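Peer 1: Questions regarding the structure given below will be posed in turn.
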Amino acid sequence: ARAAGKSPAAAPSQGPVRGALERAVSAFSRIFDSASAMDPELNASGPALPPAAEAKAASADERDPLLGRLLERVTIDDGGDPARGAALRAAFAHMLKSPSARTLAERFIADGTPAVTRYTAVEGSRVYESNGRKRFYAPRAFTEWKDGVVEVRINQDYLESDPEFVKRDLPPTLAHELFGHGLWYARANREKVGQAFHHHELNETNARLVGWLADLELDGFLEEPGAWTYLADPARFLEGLKLRLPYYALTFSNAELARPVEALAARRAAVAVKRARLETELANHLSWNPVIDHFASRHGMPESEFAALRGYMKDTESNYRREIEVMDEIAAELDGVLARMRAEPERDSERYLQWAAAHPMFQDLQRESDEHGRRLQETVRRLGARPEDEPEDLIRARAEHWRGQVTFDQLVRMYDEDRAAHPGHWGG
């Protein structure tokens, strides 16, 4: 699947001269850096790698020598908690059961770039129960380039989540971060296009594809529903992704790099539309709470039969409210970046983005992303995977969670039937 068109080859005379390019990079950094970190709260000062005395050296794993070699390049920073280190090591070991992850691990080792992985708190992250399985609502992880090191920060709420969810979700997340992002951050910074790569759509596109491919190879299922959206319509998925986090809102396709101000202005308008839609959906969601109350009080149904449904209603409300907060955060970032870009007398940051679009590295990244997309489609066909397929443990957990409970679909039917039989209950 193709997420963006190929970059045109750059003519030697088309790029800025050295002094102008350096000025453009500096201008771009001033304009974008306030929102360039995926989570600015995590972008604290200090070395990316832990002190040598605290770093846990990885010995070769007798069962899988590749794991040992990989962990010679990747430091697992357990923050003084051996259990955290063991959890990450287990996830790395499971990740390497994916053929695609193994191939990319060999590339990462050959590249020679050091990396560090650690658990960290993520602002706004919240653990909740979904169909009997504890998981969290927040980004899974962040990867950035810091002091010549690929720094992968894993949401520490994995440690509070259901073990089956962690086993299924964390290994492909590591592949996504380390091989999808990290491998290319290293090259981009060697080739002096690190800023452009950070804000290029292909950065996230390729990482998503790497993670999905590893996920599918590991157990035949895709944990993230968005993977199916991408497979059906890549452009639709990528446009939606840009309205999910402030960082994503400041990423560009190759076509958008040619007109970044117009692209960001259009995205700002889309944020307003999505926010209004979320407000409407939240109001509709909340309108069902009195319906639950009606059946519990007016019809005398045991409150215990609504426990799972009330939990679902509360968690979904929290998710909606957080999404609305994110829309406001995105709007503020876009407004700030647009104001700064429009105030540039010589449009240096625009020129930098337009110059970078033609860099050969992005042509290579486009080819790799296309190949990963092709292989994902091929693997889906080979395995006969479908969006509705689910692992047996998840099916069992859902059934147990809702046993003896009123589901939302049942509530809707109860409401329709009661409204028809007793209109006076509903003011009609």
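Residue numbering restarts at 1 for every chain of the structure tokens, chains are lettered A, B, ... in their displayed order, and ligands are numbered from 1 as they appear.
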Could you pull out the residues in stretch 58-292 of chain A that DSSP calls strand (DSSP E) from the backbone, as number ranges by chain?
Peer 2: A: 74-77, 115-120, 126-130, 133-137, 141-146, 149-155
Peer 1: Please provide the set of residues having any atom within 10 Å of A:Asp157, restricted to only C-alpha atoms, with same-chain residues fewer than 5 positions apart removed, written as a ChimeraX atom specification.
Peer 2: /A:119-122,125-127,134-138,140,166
Peer 1: Could you tell me how far atom CA of A:Glu350 sits from atom CA of A:Pro260, in Å to one decimal place?
Peer 2: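 It comes out at 6.6 Å.
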Peer 1: So how many Å separate atom CA of A:Phe306 and atom CA of A:Asn289, to one decimal?
Peer 2: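 Atom-to-atom, atom CA of A:Phe306 and atom CA of A:Asn289 are spaced 10.7 Å apart.
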Peer 1: Within 9 Å of stretch 414-426 of chain A, which residues of stretch 216-330 of chain A come that close, and what is the closest atom pair and distance in Å for each? Count only C-alpha atoms and give it as CSV.
Peer 2:
residue,atom,partner,partner_atom,distance
A:Val291,CA,A:Tyr415,CA,7.2
A:His294,CA,A:His425,CA,8.7
A:Phe295,CA,A:Met414,CA,8.7
A:Arg298,CA,A:His425,CA,8.7
Peer 1: Could those residues be written to a file, using C-alpha atoms, as a PDB file, in the first residue's frame?
Peer 2:
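The new file again_34.pdb reads:
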ATOM      1  CA  VAL A 291     -31.966   5.152  30.622  1.00  0.00           C
ATOM      2  CA  HIS A 294     -34.784   4.286  34.643  1.00  0.00           C
ATOM      3  CA  PHE A 295     -34.607   0.507  34.439  1.00  0.00           C
ATOM      4  CA  ARG A 298     -38.616   2.354  37.703  1.00  0.00           C
TER       5      ARG A 298
END
Peer 1: Can you tell me which residues surround A:His176 at a distance of at most 12 Å, considering only C-alpha atoms, apart from same-chain residues fewer than 6 positions away, and format the answer as a VMD selection string?
Peer 2: chain A and resid 92 95 100 to 101 104 to 105 140 to 143 152 154 169 to 170 182 to 184 203 to 215 372
Peer 1: With only C-alpha atoms as the basis for distance, which of A:Ala276, A:Ala90, A:Val380, A:Met361 is at the shortest distance from A:Trp228?
Peer 2: A:Val380
Peer 1: Where does DSSP see helix (DSSP H, G or I) in stretch 235-371 of chain A, if you list the residues as a ChimeraX atom specification?
Peer 2: /A:235-241,246-249,254-257,260-286,289-297,303-342,348-357,360-371
Peer 1: Could you please determine the separation between atom CA of A:Asn254 and atom CA of A:Ile324 in Å, to one decimal place?
Peer 2: 28.6 Å
Peer 1: Would you list the contacts of A:Ser287 as an MDAnalysis selection string, taking every protein, DNA or RNA residue within 12 Å and counting only C-alpha atoms, but skipping same-chain residues closer than 5 positions in sequence?
Peer 2: chainID A and resid 280:282 292:294 313 317 412
Peer 1: Which polymer residues have any atom within 12 Å of an atom of A:Arg310, counting only C-alpha atoms, with same-chain residues fewer than 2 positions away left out, as a PyMOL selection string?
Peer 2: chain A and resi 129+285-286+288-293+296+303-308+312-317+402+405-408+411
Peer 1: Residues as selected, C-alpha atoms, written as a short mmCIF file (atom, residue, chain, number, x, y, z; two decimals), in the first residue's frame, can you do that?
Peer 2:
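Okay, part_28.cif is ready:
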data_model
loop_
_atom_site.label_atom_id
_atom_site.label_comp_id
_atom_site.auth_asym_id
_atom_site.auth_seq_id
_atom_site.Cartn_x
_atom_site.Cartn_y
_atom_site.Cartn_z
CA GLU A 129 -11.00 -2.47 31.95
CA HIS A 285 -23.36 8.79 24.97
CA LEU A 286 -24.28 10.55 28.21
CA TRP A 288 -28.01 6.74 27.94
CA ASN A 289 -27.09 7.05 31.63
CA PRO A 290 -30.65 8.14 32.58
CA VAL A 291 -31.97 5.15 30.62
CA ILE A 292 -29.93 2.82 32.84
CA ASP A 293 -31.19 4.70 35.90
CA ALA A 296 -32.82 0.23 37.78
CA GLU A 303 -28.15 -2.62 40.07
CA SER A 304 -25.65 -5.49 39.98
CA GLU A 305 -26.85 -6.35 36.46
CA PHE A 306 -25.66 -2.94 35.24
CA ALA A 307 -22.19 -3.01 36.84
CA ALA A 308 -20.29 -3.84 33.65
CA TYR A 312 -18.19 0.81 30.14
CA MET A 313 -20.17 4.06 30.14
CA LYS A 314 -17.74 5.72 32.56
CA ASP A 315 -14.63 4.61 30.69
CA THR A 316 -16.05 5.65 27.32
CA GLU A 317 -16.99 9.06 28.73
CA TRP A 402 -20.60 -9.75 30.45
CA GLN A 405 -24.86 -8.34 32.72
CA VAL A 406 -26.98 -6.04 30.58
CA THR A 407 -25.04 -5.11 27.45
CA PHE A 408 -25.43 -1.83 25.61
CA LEU A 411 -30.22 -1.67 26.80
#
Peer 1: A:Asp348, A:Asp364, A:Asp162, A:Glu151: which is nearest A:Ser130, counting only C-alpha atoms?
Peer 2: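 Of the candidates, the smallest distance to A:Ser130 is held by A:Asp162.
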Peer 1: When you count only C-alpha atoms, which of these residues is closest to A:Thr113: A:Ala265, A:Ala399, A:Leu70, A:Val149?
Peer 2: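 Nearest to A:Thr113: A:Val149.
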